[in-house]
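Structure first, commentary second.
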Amino acid sequence: SAVITESLNEFLRVESIFAGKLLDDVVRDLTKANAESLDVVVAVNQAHQQLIMRTKLVLAMLRQVDAFSDRFGVVQLPQDLLDVLGNLANLKAKPYGEIALAADDIIRRSKIPSFEDRVSELRGQLLDEATDFVALSKSTTLSAGVDLLTYLFADDDAAVRSAAIQVYIRRVYRAQRILDLNVEEVNGRTTCSWSFQFSDVPVSEGVVRHGILSVVPSYESIRTDLPDILNDFKTKYSDKLSEQSLEDPPNVLQIASVSSSMDGGIEAIEGALVGEESALNSLGIRTVNVLVPVDKRDPLYYTFPQCDGYKEDKIRRNMRPTFHHILELSRLEQNFGLERIDAIGKNVQVYIGTEKIETPMRGGPPQVVFVRGVSHSAGLMTGSGSARALIQGLDELERAQSNGKVSLQSSSRVFLHSLPELEGVTPNEIGKVYKEIMGTLKSRLAPRLLKLRVDEIEVKVRLVSTDDDGEQVITPVRLLASSMEGEWLKTSAYVEKPDPTTGVTKEFCIIDDAEETVCVLDPYATSNIVQSKRSTARRVGSTYAYDFLGLLEVALIGEWEAYLKDIGESKPMPSALFSSVELLDLGGDELSTGSREIGTNKVGMVAWVVTMKTPEYPAGREVVFIANDVTVQSGSFGVEEDEFYYKASTYARERKLPRVYISCNAGARIGLVDELKPKIKIKFNDDNNPSKGFEYLYLTDEDYKELPEGTVIGHEVPEGWALDDVIGTKHGIGVENLQGSGKIAGETSRAYDEIFTLSYVTGRSVGIGAYLVRLGQRVIQMKQGPIILTGFSALNKLLGREVYNSQDQLGGPQIMIPNGVSHLQVDDDQAGIEAILKWLSFVPESVGALPACRSSSDPIDRPVEFRPTPTPYDPRNMMAGANGMRGFFDVGSYEEYLAGWGKSVVVGRGRLGGIPMGAIAVETRLVDKVIPADPADVNSREAVLPQAGQVLFPDSSYKTAQAIRDFNLEGLPIMIFANWRGFSGGSRDMAGEILKFGAMIVDALREYEHPVYIYLPPHGELRGGSWVVVDPTINAEKMEMYADPDSRGGILEPAGITEVKFRVPDQLKMMHRLDPILKQLDAELDSCDFDEDAVSLKEQIVARESLLKPVYLQAATEFADLHDKTGRMKAKGVIKGAVPWESSREYFFYLAKRRMVQDNYVAQLMNADPSLDTDGALEVLKDLCDVDWEDNKAVAEFFVSKSGEVDEKVKGVMANAMEALIGQLQEELEALK
């Protein structure tokens, strides 16, 4: 085992580096970590390139490990080997699937008690007189022991044999109504006979079915004893058989062998059964089940159905007799070719279903992974029980995804048949409970549901009721969450009406609040256009456009759950949280709201107006979502797509609504006039030698005249018509698409200036798609969603060699995050949608509306616990808190954006007492700017440029200006935690346009329309040019500056000031003025008459000066520092006030609250009376206010409590202004007469 452990560890050492990561990222990280020894990088990559061969070796070793117990008698595997197996089982990537499955199987088997111990325990239960066999057959603890019961069919004790058979039959037929059951010895064979009905059919209507299980001594006996067993069956039920219809045989026969030997194979039994086909038919036997034990393993099951002429049904192999019916596999077999693969649970089966299609399809027939399970556990319809069951199903799916036969585009469907009966509940009630439970589970498990491509979750439950005769009957209810019709996992419920003979459901009646019940024959779609489109979207790494609506609803539920938990309220979230209406192009200048069947759109662009009740807007807010439909011509932009996008964006802009663009496309559409291809001919320079080139392309006269007028432009030649231009009849195959691209580019740029725009890149965004997301500025990028101008293969052709090997090299997050195009990276589409909602939560419902506030559980009057230090620290901790110490913003509300670009500045959004704010802080630590190497240039090398803390560089200056502009258009007040020592003015940065980007900060602040609070944090400093670009005089109406008492502001740092304004001579003068010893030495020198004494005195003075220099330099520095303190800044009016850090949170909350309402009233007054300026409007409010105007809290509360009075004042001002305007117009009118 030591050799195997060492070998497996070596495999893990290499592959753990690559598992779940992009190859480009791995190589780059390896190169950085081994810059001095690149041989290591080469060796690791060479090993990884041999993954297929190394996988075969590892699988061979795992097979040896699996045989340790049989070959060497190993009872317990060594812990170090189990640890490495656990690591192998956790490898998460398709290439490691077989290894992960094999390792997981070995681990699971190692944890199971020995076969002998389990059999002994079960035998003891059966012998216990207190054991209720009926209750035991329904026990959840028996799930793992059902197959063990068959081992006891050959027990020496007749009581054990009888009990084992009785419990086995009751367990296997738990879903049926067993009428009678008897175990006895018949002709030397232990035989069990029983009668039963389907329990979901009323007793009066149900067909009574009969069964016999006969235990024979050997496999050979099955064949030889078969005639006697059939005779026993006939004797037992001779009087009953005449009452049955043989057209649909209802009975069952089971034969169990005691011996594990299978001489002659399964073909021998099949031949015997086929030979007795006539007798089996006469007895009405529907299925024959054969059970063969395996030493210390689960038995083998074989099923021979009457519908196949009693030949073995291989799909039912190793399946308990009733599983096929309970799991409803016959329904699957109608439409899918099934291949069973290994599952973890005893009561679960997993199948790869390949759809049966009549005509070949590109990419092959659709594939579905089916997880079908039986549950014996109660509590399935509770939150915890349903979550546990679904998670188990998802675990099975995740394991199945590792199977190499499972396609990356396969759909997944989960089915669970819950056997415990539910009492005291109606179908309507259970349907509503299921809807609530699924809403919660979709929210909590959305990432896994998406990752595993779950398109259907089906639960069958059994409700206890009574029939017309008062007899107990089971009402089967089917609960469905399906994406088959388009909406993501939409819930529905049905009451089933089974066939009395076959037990197969023949009718499904919809459960809803309608007066009339609607029943359908089969509500389950197999494959449709929606599923095909969903598969196409998955193939490019995205989600089908219409499914994003479901993800939005799920994310909204999650947002509410987190919010209610945060504020500590147990009240329910609002009803009807989410609704959407599609925008349709019906031919007018504007889009119209309406609906259509999902998947019927012919244009590869769709849009919706989504209404969401959010914690900020519980009454609801509207957002326009626009999305590429990547399933229509790869999501490319044609003229129709451009026009639709333009209209949808205009719709949002004219209504001042936020606009979100979900980007997954292939750029501008390209095409040719395909109908000309078979008609064009070539005029060669030499018909006998085409390699000499050609003169022109032409059409014959006949072909030319058959074309619609205007299709081509040509001139007549002897052969026909030489082509000068190809026009075509189809609009949207060439340059006209570029014109449309220009149109939507301009619209997107305008939309960014006028409304909130946000883009989410999923799958890929190419060409004009890339420009659109950049023009919208705010970008969220999925980990595997490159933003590119052209594909890597096209670039390789241009370069003439294989340089790039993936789109991610050109525009993946590792490129777009560091260059500032993408603001945020997410792992998958659900995380992307959650990030969209998070961002929207900071944005007003429309342009000009008040900020989107929400309640907060974080007390506004609490102190800010994390305190910045004089030494470098992470500024994020100052805003968000760290290590149990709370920061400036509400706990959990701060979100950083643009983290990978301009790292010397940190920007984000957070909440202060529920008020959304933009935030800009300064990195105090040394950071690195990485400039990647260009693979197309063999001489290119990656450059790592260090950037000092508290300094503005070109990229961080641009980032600051960009963030301010974004915040302005989002209607947010800003907190700028200013802590800059200045701009980087070196030659490289001057060449890098530091002046240009620094000036952009001033431009952005000058244009800012909302409050801006500049605050110097503890130990922060603002100096030189960095003060200039954020000084409040840039925009005095909106900007205010504050400082902590421990902060500093000035032109130069104290040490620099002393070098210029308090130099050494000035320090020496102060020494001689203040130091008693120097004063005495100076006096002695003045009165000295001898040169020898003067020399000595001067030496003493120099020595004393040298001794005092350090402390007097410190004093000079302190003196300079005193000029930079808060007191002087306040006295000179450059800051508005000194605000201690600990209480800054409360101070700025009431200031922000006041300004939010105050600025709104100022705007209303100025609109009411155009003659008023800001100062005039403030005077009106000041005269109205009856509290201290300098008290932010009091003024804010006044505006809230006396809003009615203020509103009336605004109306009065408007009325006076209108009267004055009317008077002025009358005067002008009189003057004209």
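Here, A, B, ... name the chains of the structure tokens in the order displayed, residue numbers run from 1 inside each chain, and ligands are numbered from 1 in the same displayed order.
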**Request:** Identify, on the basis of only C-alpha atoms, every residue whose closest approach to Asp248 in chain A does not exceed 9 Å; exclude the query and any residue fewer than 4 positions from it along the same chain; express the result as a PyMOL selection string.
**Result:** chain A and resi 244+284+286+501-502
Residues from the last selection, all heavy atoms, saved as a short mmCIF file (atom, residue, chain, number, x, y, z; two decimals), in the first residue's frame:
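Saved to part.cif:
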```cif
data_model
loop_
_atom_site.label_atom_id
_atom_site.label_comp_id
_atom_site.auth_asym_id
_atom_site.auth_seq_id
_atom_site.Cartn_x
_atom_site.Cartn_y
_atom_site.Cartn_z
N GLN A 244 -59.58 -13.38 -13.74
CA GLN A 244 -58.66 -12.39 -14.28
C GLN A 244 -58.69 -12.36 -15.80
O GLN A 244 -59.00 -13.36 -16.46
CB GLN A 244 -57.23 -12.67 -13.81
CG GLN A 244 -57.04 -12.54 -12.30
CD GLN A 244 -55.62 -12.87 -11.90
OE1 GLN A 244 -54.91 -13.58 -12.61
NE2 GLN A 244 -55.22 -12.35 -10.75
N GLY A 284 -51.38 -15.96 -16.24
CA GLY A 284 -51.49 -14.50 -16.14
C GLY A 284 -50.27 -13.87 -15.49
O GLY A 284 -50.39 -12.85 -14.80
N ARG A 286 -47.25 -11.65 -15.31
CA ARG A 286 -46.79 -10.45 -16.01
C ARG A 286 -45.26 -10.38 -16.06
O ARG A 286 -44.68 -10.00 -17.07
CB ARG A 286 -47.35 -9.22 -15.32
CG ARG A 286 -47.12 -7.92 -16.08
CD ARG A 286 -47.75 -6.74 -15.34
NE ARG A 286 -47.75 -5.55 -16.17
CZ ARG A 286 -48.68 -5.25 -17.08
NH1 ARG A 286 -49.69 -6.08 -17.29
NH2 ARG A 286 -48.60 -4.14 -17.80
N THR A 501 -55.62 -1.97 -13.63
CA THR A 501 -54.93 -3.22 -13.93
C THR A 501 -53.42 -3.06 -13.92
O THR A 501 -52.69 -3.80 -13.26
CB THR A 501 -55.38 -3.77 -15.30
OG1 THR A 501 -56.80 -3.93 -15.29
CG2 THR A 501 -54.71 -5.10 -15.59
N THR A 502 -52.93 -2.05 -14.66
CA THR A 502 -51.48 -1.90 -14.80
C THR A 502 -50.87 -1.02 -13.73
O THR A 502 -49.66 -1.08 -13.48
CB THR A 502 -51.16 -1.30 -16.17
OG1 THR A 502 -51.70 0.04 -16.24
CG2 THR A 502 -51.74 -2.13 -17.29
#
```
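Of the residues in range 478-507 of chain A, those that DSSP places in strand (DSSP E) on the basis of the backbone are Arg478, Leu479, Leu480, Ala481, Ser482, Lys490, Thr491, Ser492, Ala493, Tyr494, Val495, Glu496, Lys497, Pro498, Thr505, Lys506 and Glu507 of chain A.
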Given the selection you just returned, output its residues as a file containing all heavy atoms, formatted as a tab-separated table (two decimals), in the first residue's frame.
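Output (part36.tsv):
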```tsv
chain	number	residue	atom	x	y	z
A	478	ARG	N	-48.58	14.22	-8.03
A	478	ARG	CA	-47.29	14.46	-8.66
A	478	ARG	C	-46.98	15.95	-8.59
A	478	ARG	O	-47.76	16.79	-9.04
A	478	ARG	CB	-47.33	14.00	-10.12
A	478	ARG	CG	-45.95	14.01	-10.80
A	478	ARG	CD	-46.05	13.37	-12.16
A	478	ARG	NE	-46.53	12.01	-12.08
A	478	ARG	CZ	-45.73	10.94	-12.03
A	478	ARG	NH1	-44.43	11.09	-12.06
A	478	ARG	NH2	-46.24	9.73	-11.96
A	479	LEU	N	-45.84	16.27	-8.00
A	479	LEU	CA	-45.40	17.65	-7.82
A	479	LEU	C	-44.22	17.89	-8.77
A	479	LEU	O	-43.27	17.12	-8.77
A	479	LEU	CB	-44.99	17.90	-6.37
A	479	LEU	CG	-46.06	17.51	-5.34
A	479	LEU	CD1	-45.47	17.51	-3.94
A	479	LEU	CD2	-47.25	18.45	-5.41
A	480	LEU	N	-44.30	18.94	-9.54
A	480	LEU	CA	-43.35	19.14	-10.61
A	480	LEU	C	-42.75	20.53	-10.54
A	480	LEU	O	-43.45	21.51	-10.28
A	480	LEU	CB	-44.08	18.96	-11.96
A	480	LEU	CG	-43.26	18.66	-13.19
A	480	LEU	CD1	-42.55	17.32	-13.05
A	480	LEU	CD2	-44.17	18.64	-14.42
A	481	ALA	N	-41.45	20.61	-10.73
A	481	ALA	CA	-40.76	21.89	-10.96
A	481	ALA	C	-39.99	21.69	-12.26
A	481	ALA	O	-38.99	20.99	-12.29
A	481	ALA	CB	-39.83	22.23	-9.80
A	482	SER	N	-40.47	22.31	-13.32
A	482	SER	CA	-39.94	21.98	-14.64
A	482	SER	C	-39.58	23.24	-15.43
A	482	SER	O	-40.26	24.26	-15.33
A	482	SER	CB	-40.97	21.17	-15.43
A	482	SER	OG	-40.51	20.92	-16.73
A	490	LYS	N	-40.48	26.00	-13.10
A	490	LYS	CA	-41.83	26.45	-12.74
A	490	LYS	C	-42.58	25.30	-12.09
A	490	LYS	O	-42.56	24.17	-12.58
A	490	LYS	CB	-42.57	26.93	-13.99
A	490	LYS	CG	-43.98	27.40	-13.71
A	490	LYS	CD	-44.68	27.81	-15.00
A	490	LYS	CE	-46.11	28.26	-14.73
A	490	LYS	NZ	-46.80	28.64	-15.99
A	491	THR	N	-43.26	25.57	-10.98
A	491	THR	CA	-43.93	24.51	-10.22
A	491	THR	C	-45.36	24.30	-10.73
A	491	THR	O	-46.04	25.22	-11.17
A	491	THR	CB	-43.97	24.84	-8.72
A	491	THR	OG1	-44.63	26.10	-8.53
A	491	THR	CG2	-42.57	24.91	-8.15
A	492	SER	N	-45.78	23.05	-10.64
A	492	SER	CA	-47.16	22.67	-10.92
A	492	SER	C	-47.44	21.38	-10.16
A	492	SER	O	-46.53	20.72	-9.67
A	492	SER	CB	-47.38	22.48	-12.43
A	492	SER	OG	-46.47	21.52	-12.95
A	493	ALA	N	-48.72	21.04	-10.06
A	493	ALA	CA	-49.09	19.83	-9.31
A	493	ALA	C	-50.25	19.14	-10.01
A	493	ALA	O	-51.11	19.79	-10.61
A	493	ALA	CB	-49.47	20.19	-7.87
A	494	TYR	N	-50.27	17.80	-9.91
A	494	TYR	CA	-51.28	17.00	-10.58
A	494	TYR	C	-51.76	15.89	-9.64
A	494	TYR	O	-50.95	15.31	-8.91
A	494	TYR	CB	-50.73	16.33	-11.85
A	494	TYR	CG	-50.17	17.29	-12.87
A	494	TYR	CD1	-48.86	17.74	-12.76
A	494	TYR	CD2	-50.94	17.73	-13.93
A	494	TYR	CE1	-48.33	18.61	-13.70
A	494	TYR	CE2	-50.42	18.60	-14.88
A	494	TYR	CZ	-49.11	19.04	-14.76
A	494	TYR	OH	-48.60	19.90	-15.68
A	495	VAL	N	-53.05	15.59	-9.72
A	495	VAL	CA	-53.59	14.39	-9.10
A	495	VAL	C	-53.62	13.31	-10.18
A	495	VAL	O	-54.10	13.56	-11.29
A	495	VAL	CB	-55.00	14.62	-8.53
A	495	VAL	CG1	-55.63	13.30	-8.10
A	495	VAL	CG2	-54.93	15.57	-7.33
A	496	GLU	N	-53.10	12.12	-9.84
A	496	GLU	CA	-53.03	11.05	-10.84
A	496	GLU	C	-54.23	10.12	-10.75
A	496	GLU	O	-54.74	9.86	-9.66
A	496	GLU	CB	-51.74	10.26	-10.64
A	496	GLU	CG	-50.48	11.09	-10.80
A	496	GLU	CD	-49.23	10.23	-10.70
A	496	GLU	OE1	-49.37	9.01	-10.58
A	496	GLU	OE2	-48.13	10.79	-10.74
A	497	LYS	N	-54.59	9.62	-11.90
A	497	LYS	CA	-55.64	8.60	-11.97
A	497	LYS	C	-55.05	7.38	-12.66
A	497	LYS	O	-54.93	7.34	-13.88
A	497	LYS	CB	-56.85	9.14	-12.73
A	497	LYS	CG	-57.55	10.28	-12.01
A	497	LYS	CD	-58.81	10.73	-12.73
A	497	LYS	CE	-59.51	11.83	-11.96
A	497	LYS	NZ	-60.76	12.29	-12.66
A	498	PRO	N	-54.65	6.37	-11.86
A	498	PRO	CA	-53.98	5.20	-12.45
A	498	PRO	C	-54.95	4.19	-13.05
A	498	PRO	O	-56.13	4.14	-12.69
A	498	PRO	CB	-53.24	4.60	-11.25
A	498	PRO	CG	-54.07	5.00	-10.08
A	498	PRO	CD	-54.68	6.32	-10.40
A	505	THR	N	-50.33	5.46	-14.56
A	505	THR	CA	-51.22	6.63	-14.59
A	505	THR	C	-51.73	6.86	-16.00
A	505	THR	O	-50.95	6.89	-16.96
A	505	THR	CB	-50.48	7.88	-14.09
A	505	THR	OG1	-49.98	7.63	-12.78
A	505	THR	CG2	-51.40	9.07	-14.07
A	506	LYS	N	-53.03	7.01	-16.12
A	506	LYS	CA	-53.63	7.23	-17.43
A	506	LYS	C	-54.11	8.66	-17.61
A	506	LYS	O	-54.43	9.08	-18.72
A	506	LYS	CB	-54.79	6.26	-17.65
A	506	LYS	CG	-55.94	6.42	-16.63
A	506	LYS	CD	-57.05	5.41	-16.89
A	506	LYS	CE	-58.20	5.59	-15.90
A	506	LYS	NZ	-59.27	4.62	-16.14
A	507	GLU	N	-54.18	9.41	-16.50
A	507	GLU	CA	-54.67	10.78	-16.58
A	507	GLU	C	-54.03	11.61	-15.47
A	507	GLU	O	-53.85	11.13	-14.34
A	507	GLU	CB	-56.20	10.79	-16.43
A	507	GLU	CG	-56.87	11.89	-17.21
A	507	GLU	CD	-58.39	11.72	-17.20
A	507	GLU	OE1	-58.95	11.37	-16.16
A	507	GLU	OE2	-59.01	11.94	-18.26
```
**Item:** Residues within 10 Å of Leu1181 in chain A, only C-alpha atoms, excluding chain neighbours under 4 positions, as a VMD selection string
**Value:** chain A and resid 1158 1161 to 1162 1165 1175 to 1177 1185 to 1186 1189 1199 1206 1209 to 1210
**Message:** What's around Glu328 in chain A at 10 Å? Count only C-alpha atoms, leave out sequence neighbours fewer than 4 positions away in its own chain, and write the answer as a PyMOL selection string.
**Reply:** chain A and resi 322-324+332-333+372+415+417+504-505
Could you take the residues named above and write them with N, CA and C atoms, as a tab-separated table (two decimals), in the first residue's frame?
```
chain	number	residue	atom	x	y	z
A	322	THR	N	-40.14	-4.48	-7.95
A	322	THR	CA	-41.13	-3.41	-8.15
A	322	THR	C	-40.50	-2.08	-8.54
A	323	PHE	N	-39.17	-2.04	-8.59
A	323	PHE	CA	-38.51	-0.76	-8.87
A	323	PHE	C	-38.91	-0.19	-10.22
A	324	HIS	N	-39.02	-1.05	-11.21
A	324	HIS	CA	-39.33	-0.58	-12.56
A	324	HIS	C	-40.65	0.17	-12.57
A	332	LEU	N	-39.97	6.42	-19.40
A	332	LEU	CA	-38.70	6.88	-19.96
A	332	LEU	C	-38.34	6.08	-21.20
A	333	GLU	N	-38.59	4.77	-21.14
A	333	GLU	CA	-38.18	3.90	-22.25
A	333	GLU	C	-38.95	4.20	-23.53
A	372	ARG	N	-33.43	8.70	-10.47
A	372	ARG	CA	-34.74	8.19	-10.03
A	372	ARG	C	-34.57	7.54	-8.67
A	415	PHE	N	-36.21	12.56	-10.09
A	415	PHE	CA	-37.53	12.04	-9.74
A	415	PHE	C	-37.44	11.31	-8.40
A	417	HIS	N	-39.92	9.19	-5.63
A	417	HIS	CA	-41.21	8.61	-5.26
A	417	HIS	C	-41.18	8.39	-3.75
A	504	VAL	N	-50.40	2.00	-14.06
A	504	VAL	CA	-49.77	3.13	-14.75
A	504	VAL	C	-50.77	4.26	-14.85
A	505	THR	N	-50.33	5.46	-14.56
A	505	THR	CA	-51.22	6.63	-14.59
A	505	THR	C	-51.73	6.86	-16.00
```
**Asked** Using only C-alpha atoms, which residues sit within 10 Å of Leu12 in chain A once same-chain residues fewer than 5 positions away are excluded, as a list in words?
**Response** Glu6, Ser7, Ile17, Phe18, Ala19, Val84, Leu85, Asn87, Leu88 and Leu91 of chain A
Store the residues of this selection in a file with C-alpha atoms, as a PDB file, in the first residue's frame.
```
ATOM      1  CA  GLU A   6       3.266   7.358  -2.862  1.00  0.00           C
ATOM      2  CA  SER A   7       2.312   7.028  -6.534  1.00  0.00           C
ATOM      3  CA  ILE A  17      -2.362  22.324  -9.633  1.00  0.00           C
ATOM      4  CA  PHE A  18      -4.561  22.077 -12.745  1.00  0.00           C
ATOM      5  CA  ALA A  19      -7.893  20.794 -11.377  1.00  0.00           C
ATOM      6  CA  VAL A  84      -5.104  10.263  -0.598  1.00  0.00           C
ATOM      7  CA  LEU A  85      -8.235   8.489  -1.876  1.00  0.00           C
ATOM      8  CA  ASN A  87      -8.244  13.856  -2.220  1.00  0.00           C
ATOM      9  CA  LEU A  88      -8.669  11.924  -5.462  1.00  0.00           C
ATOM     10  CA  LEU A  91     -10.862  16.308  -7.880  1.00  0.00           C
TER      11      LEU A  91
END
```
**Request:** Enter the distance from CA of Ala991 in chain A to CA of Asp955 in chain A, in Å, rounded to one decimal.
**Result:**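 Distance reported for this atom pair: 12.5 Å.
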**Message:** Please compute the CA of Ser1087 in chain A-CA of Lys1109 in chain A distance, one decimal, in Å.
**Reply:**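 Interatomic distance, CA of Ser1087 in chain A to CA of Lys1109 in chain A: 25.6 Å.
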**12 Å contact set for Ala159 in chain A, only C-alpha atoms, chain neighbours under 3 positions out, as a PyMOL selection string** = chain A and resi 123-129+152-156+162-166+183-185+190
**Asked** So which residues touch range 919-934 of chain A within 9 Å, counting only C-alpha atoms, skipping near sequence neighbours fewer than 3 positions away, as a ChimeraX atom specification?
**Response** /A:815,818,871-876,878-879,894,896,901-910,937-952,960,963-964,967,973-980
